[in-house]
Amino acid sequence: MDERVQKVLDYIEAHKDEYVALLQRFCRQPSLANTGEGIAEMSEMVRAELEKLGANPQVFETGGSPFVYGEIKGETDRTFGFYDHYDVQPVDPLNEWHTDPFAAEIIDGVIYARGVADNKDGLVTRLCAVDAWQKVHGTLPLNVKFLFEGEEEIGSPHLLPFAEAHPDLIQCDGYVWEGGNREPGGPAELTMGVKGLLYVELYSTVSEKDAHSMYAAITPSATWRLVQALNTLKDRDGKILIDGFYDGIKPVSQAEKDALKTDVFNESAVKEILGIEKFIGDAHGEDLLMSLYYKPTCNICGITAGYQGEGSKTVLPGKASCKIDFRLVPGQDPNRILELLRAHLDKHGFEDIKIECHSGCLAHRSDPEAPFCKAVIRSMKKLFNEQPCVQCTSGGTSPMYAFCAKTNIPAIMFGSSSESANIHAPNEHLAVNAFIDMIRINVTVMHEFAVQE
Ligand SMILES: [Zn+2]
């Protein structure tokens with residue numbers, strides 16, 4: 001390990017109680033974007049910590065939770081962007097918590113708190129890594145920008161407007177992005193992209209009211225209309241049948257395919273978590289991962305129609321509706337997919353099916369060959385003496401596109417959370433050691449990128 005880095009790692013070891021206390025302090029402040037509870041106090045706490053680091057913080061009002069920005073000049077002209085969020089999910093059901101969700105109690109080396117693994121841990125580890133480096137060396141190896149929002153848990157409604165209004169502030173060589181797991185005992189995991197999303201609701205309406213089902217012989221059925229329309233969207237092999245749906249999809253590069261070999265995806269464990277016997281087509285290995293990461297989806301989230309209560313009721317529903325999410329990949333624009341869906345339904349004679357669009361966002365995949373990505377991969381190898389698991393994209397969605405789609409700046413997630421950390425659920429928790437490790441990772445990646453040729 002480089003001597004300059006080692007000194008910082010030693011400093012972290014000697015001051016870890018201080019850093020854990022800071023995380024606890026952050027977790028004790030509620031910050032719920034959905035109700036606004038504690039958002040003002042939390043954003044002020046974030047601003048004050050950035051002030052202590054000399055990051056000249058600026059607080060931007062957004063119409064929702066404020067955006068907190070700060071920057072520090074370092075020894076080189078390379079720049080890291082740290083994107084995290086200070087808001088958390090609601091705590092209910094409260095009675096399923098074993099501790100007060102805002103007490104941040106430590107039990108057997110594990111901190112229990114809402115937000116401790118999503119994403120106050122990430123945010124605080126950036127602050128601690130920068131603090132430790134400054135305390136030891138008086139400066140930083142590179143420039144850093146802190147880009148902290150407070151609405152991630154409600155879909156980041158003001159992130160894209162912020163990025164468009166402040167293109168200079170979001171400019172950097174690479175983002176360290178919120179989120180990411182590291183399973184206990186497993187290798188460090190890096191995720192370099194996310195899928196996009198289009199969320200729609202389809203409505204079939206024949207009548208404003210339900211009818212006696214004897215009229216099914218002579219009356220059109222809203223439910224059958226909807227089912228028949230849905231049946232045109234996808235074939236039995238899973239191919240999505242909307243004309244143009246797959247057009248323009250960015251091909252998977254050799255480097256992205258190669259990265260699959262480092263993946264630690266545990267097929268049997270995931271099947272158990274999902275409660276299924278087999279994956280689609282009984283796929284496994286590289287085929288399975290190619291689907292998980294690089295295939296777009298058309299998923300029915302829910303269908304609503306008619307009588308669903310106990311026993312029987314002979315009824316002909318006047319209305320039926322369903323919610324669909326499409327997970328999209330780079331090259332697919334949610335607005336375009338929405339147009340194609342409309343054209344598809346019209347072409348198949350379903351002009352009467354109404355579409356309501358709930359949300360959409362673009363996918364983003366960073367180039368694993370980008371110098372920033374290579375530096376992060378290399379620093380993980382050095383710190384842990386093993387090859388990290390590199391995922392070129394998550395199967396899920398995060399608002400990376402707001403900062404990365406137009407700029408094409410690479411972004412990487414590496415977190416200390418795990419599949420069992422209960423994020424968004426009762427008893428969210430994080431091991432103290434995983435938190436300290438994350439501070440160490442942030443230190444080594446800053447150094448590695450700063451000194452890279
Ligand atoms: Zn979350």
# chains A, B, ... in the order shown; residues from 1 in each chain; ligands from 1
>>> residues_near_ligand(ligand="ligand 1", cutoff="12 Å", atoms="only C-alpha atoms and all ligand atoms", output="ChimeraX atom specification")
/A:32-33,84-90,114-122,150-156,178-180,396-399,417,421-425,428
>>> write_last_selection(atoms="C-alpha atoms", output="mmCIF file, in the first residue's frame")
data_model
loop_
_atom_site.group_PDB
_atom_site.id
_atom_site.type_symbol
_atom_site.label_atom_id
_atom_site.label_comp_id
_atom_site.auth_asym_id
_atom_site.auth_seq_id
_atom_site.Cartn_x
_atom_site.Cartn_y
_atom_site.Cartn_z
ATOM 1 C CA LEU A 32 -38.307 11.860 5.374
ATOM 2 C CA ALA A 33 -38.684 13.257 1.891
ATOM 3 C CA ASP A 84 -25.475 10.651 -2.210
ATOM 4 C CA HIS A 85 -28.815 11.399 -0.616
ATOM 5 C CA TYR A 86 -29.628 12.459 2.936
ATOM 6 C CA ASP A 87 -33.315 11.494 2.889
ATOM 7 C CA VAL A 88 -34.631 8.146 4.098
ATOM 8 C CA GLN A 89 -37.634 5.881 3.622
ATOM 9 C CA PRO A 90 -40.561 5.979 6.076
ATOM 10 C CA ARG A 114 -33.480 3.973 9.320
ATOM 11 C CA GLY A 115 -31.094 5.184 6.615
ATOM 12 C CA VAL A 116 -27.974 3.617 8.110
ATOM 13 C CA ALA A 117 -27.450 1.444 5.003
ATOM 14 C CA ASP A 118 -29.402 3.620 2.532
ATOM 15 C CA ASN A 119 -27.740 6.047 2.247
ATOM 16 C CA LYS A 120 -26.461 7.937 5.274
ATOM 17 C CA ASP A 121 -23.608 5.427 5.463
ATOM 18 C CA GLY A 122 -22.467 6.332 1.950
ATOM 19 C CA GLY A 150 -32.750 14.946 -0.284
ATOM 20 C CA GLU A 151 -35.382 13.352 -2.516
ATOM 21 C CA GLU A 152 -33.902 10.109 -3.801
ATOM 22 C CA GLU A 153 -36.420 7.993 -1.940
ATOM 23 C CA ILE A 154 -39.304 9.728 -3.699
ATOM 24 C CA GLY A 155 -37.813 9.409 -7.187
ATOM 25 C CA SER A 156 -35.473 12.456 -7.312
ATOM 26 C CA GLU A 178 -24.907 6.126 -3.881
ATOM 27 C CA GLY A 179 -25.857 2.529 -3.218
ATOM 28 C CA GLY A 180 -24.028 -0.731 -3.608
ATOM 29 C CA GLY A 396 -32.433 -1.919 -10.995
ATOM 30 C CA THR A 397 -32.826 1.806 -11.517
ATOM 31 C CA SER A 398 -31.284 4.916 -9.944
ATOM 32 C CA PRO A 399 -31.350 8.508 -11.253
ATOM 33 C CA SER A 417 -24.866 -2.463 2.488
ATOM 34 C CA ALA A 421 -29.455 -5.085 5.447
ATOM 35 C CA ASN A 422 -33.254 -4.530 5.386
ATOM 36 C CA ILE A 423 -33.049 -1.263 3.499
ATOM 37 C CA HIS A 424 -36.541 0.258 3.127
ATOM 38 C CA ALA A 425 -37.749 -2.307 5.706
ATOM 39 C CA GLU A 428 -32.336 -1.610 8.694
#
>>> residues_around(residues="stretch 356-366 of chain A", least_positions_apart="4", cutoff="6 Å", atoms="only C-alpha atoms", output="ChimeraX atom specification")
/A:192-201,329-330,334,401,410
>>> write_last_selection(atoms="N, CA, C and O atoms", output="mmCIF file, in the first residue's frame")
data_model
loop_
_atom_site.group_PDB
_atom_site.id
_atom_site.type_symbol
_atom_site.label_atom_id
_atom_site.label_comp_id
_atom_site.auth_asym_id
_atom_site.auth_seq_id
_atom_site.Cartn_x
_atom_site.Cartn_y
_atom_site.Cartn_z
ATOM 1 N N MET A 192 -21.556 -0.300 -12.221
ATOM 2 C CA MET A 192 -21.192 0.858 -13.035
ATOM 3 C C MET A 192 -22.341 1.388 -13.890
ATOM 4 O O MET A 192 -22.106 2.105 -14.863
ATOM 5 N N GLY A 193 -23.537 0.996 -13.584
ATOM 6 C CA GLY A 193 -24.651 1.517 -14.376
ATOM 7 C C GLY A 193 -25.968 1.053 -13.793
ATOM 8 O O GLY A 193 -26.017 0.296 -12.821
ATOM 9 N N VAL A 194 -27.032 1.530 -14.397
ATOM 10 C CA VAL A 194 -28.380 1.171 -13.957
ATOM 11 C C VAL A 194 -29.289 1.057 -15.176
ATOM 12 O O VAL A 194 -28.996 1.608 -16.236
ATOM 13 N N LYS A 195 -30.382 0.332 -15.010
ATOM 14 C CA LYS A 195 -31.386 0.300 -16.068
ATOM 15 C C LYS A 195 -32.279 1.536 -15.970
ATOM 16 O O LYS A 195 -32.367 2.161 -14.916
ATOM 17 N N GLY A 196 -32.936 1.856 -17.059
ATOM 18 C CA GLY A 196 -33.925 2.929 -17.065
ATOM 19 C C GLY A 196 -35.295 2.345 -16.751
ATOM 20 O O GLY A 196 -35.434 1.144 -16.483
ATOM 21 N N LEU A 197 -36.311 3.185 -16.801
ATOM 22 C CA LEU A 197 -37.643 2.733 -16.408
ATOM 23 C C LEU A 197 -38.721 3.517 -17.145
ATOM 24 O O LEU A 197 -38.584 4.718 -17.377
ATOM 25 N N LEU A 198 -39.776 2.803 -17.507
ATOM 26 C CA LEU A 198 -41.024 3.463 -17.918
ATOM 27 C C LEU A 198 -42.136 2.786 -17.134
ATOM 28 O O LEU A 198 -42.263 1.561 -17.163
ATOM 29 N N TYR A 199 -42.899 3.582 -16.390
ATOM 30 C CA TYR A 199 -43.978 3.009 -15.576
ATOM 31 C C TYR A 199 -45.306 3.564 -16.074
ATOM 32 O O TYR A 199 -45.519 4.774 -16.083
ATOM 33 N N VAL A 200 -46.155 2.662 -16.531
ATOM 34 C CA VAL A 200 -47.447 3.101 -17.073
ATOM 35 C C VAL A 200 -48.606 2.343 -16.432
ATOM 36 O O VAL A 200 -48.416 1.273 -15.845
ATOM 37 N N GLU A 201 -49.775 2.919 -16.580
ATOM 38 C CA GLU A 201 -50.991 2.225 -16.161
ATOM 39 C C GLU A 201 -51.915 2.176 -17.374
ATOM 40 O O GLU A 201 -52.056 3.174 -18.091
ATOM 41 N N VAL A 329 -32.867 -0.341 -21.217
ATOM 42 C CA VAL A 329 -31.405 -0.390 -21.297
ATOM 43 C C VAL A 329 -30.916 0.795 -22.142
ATOM 44 O O VAL A 329 -31.717 1.438 -22.814
ATOM 45 N N PRO A 330 -29.607 1.083 -22.106
ATOM 46 C CA PRO A 330 -29.121 2.234 -22.864
ATOM 47 C C PRO A 330 -29.521 2.163 -24.337
ATOM 48 O O PRO A 330 -29.424 1.105 -24.967
ATOM 49 N N PRO A 334 -37.535 6.368 -22.633
ATOM 50 C CA PRO A 334 -38.882 6.061 -22.140
ATOM 51 C C PRO A 334 -39.985 6.797 -22.894
ATOM 52 O O PRO A 334 -41.070 6.237 -23.084
ATOM 53 N N TYR A 401 -29.007 8.919 -14.762
ATOM 54 C CA TYR A 401 -29.140 9.605 -16.049
ATOM 55 C C TYR A 401 -29.125 11.120 -15.893
ATOM 56 O O TYR A 401 -28.681 11.833 -16.782
ATOM 57 N N PRO A 410 -18.601 8.673 -16.373
ATOM 58 C CA PRO A 410 -18.799 7.371 -15.727
ATOM 59 C C PRO A 410 -19.217 7.507 -14.262
ATOM 60 O O PRO A 410 -18.863 8.494 -13.613
#
>>> closest_atom_pairs(of="stretch 253-322 of chain A", to="stretch 230-245 of chain A", cutoff="9 Å", atoms="only C-alpha atoms", output="CSV")
residue,atom,partner,partner_atom,distance
A:Ile280,CA,A:Gly238,CA,8.7
A:Gly281,CA,A:Asp237,CA,8.2
A:Pro296,CA,A:Ile240,CA,8.8
A:Thr297,CA,A:Ile240,CA,7.8
A:Cys298,CA,A:Ile240,CA,7.1
A:Ile300,CA,A:Leu230,CA,9.0
>>> closest_residue(among="A:Leu94, A:Cys172, A:Ala129, A:Ala40", to="A:Phe435", atoms="only C-alpha atoms")
A:Ala129
>>> atom_distance(atom1="atom CA of A:Gly54", atom2="atom CA of A:Ile72")
6.9 Å
>>> select_by_dssp(residues="stretch 161-402 of chain A", states="alpha helix (DSSP H)", output="PyMOL selection string")
chain A and resi 161-165+222-231+254-259+267-274+285-294+334-347+371-384+401-402
>>> atom_distance(atom1="atom CA of A:Ser213", atom2="atom CA of A:Val315")
4.5 Å
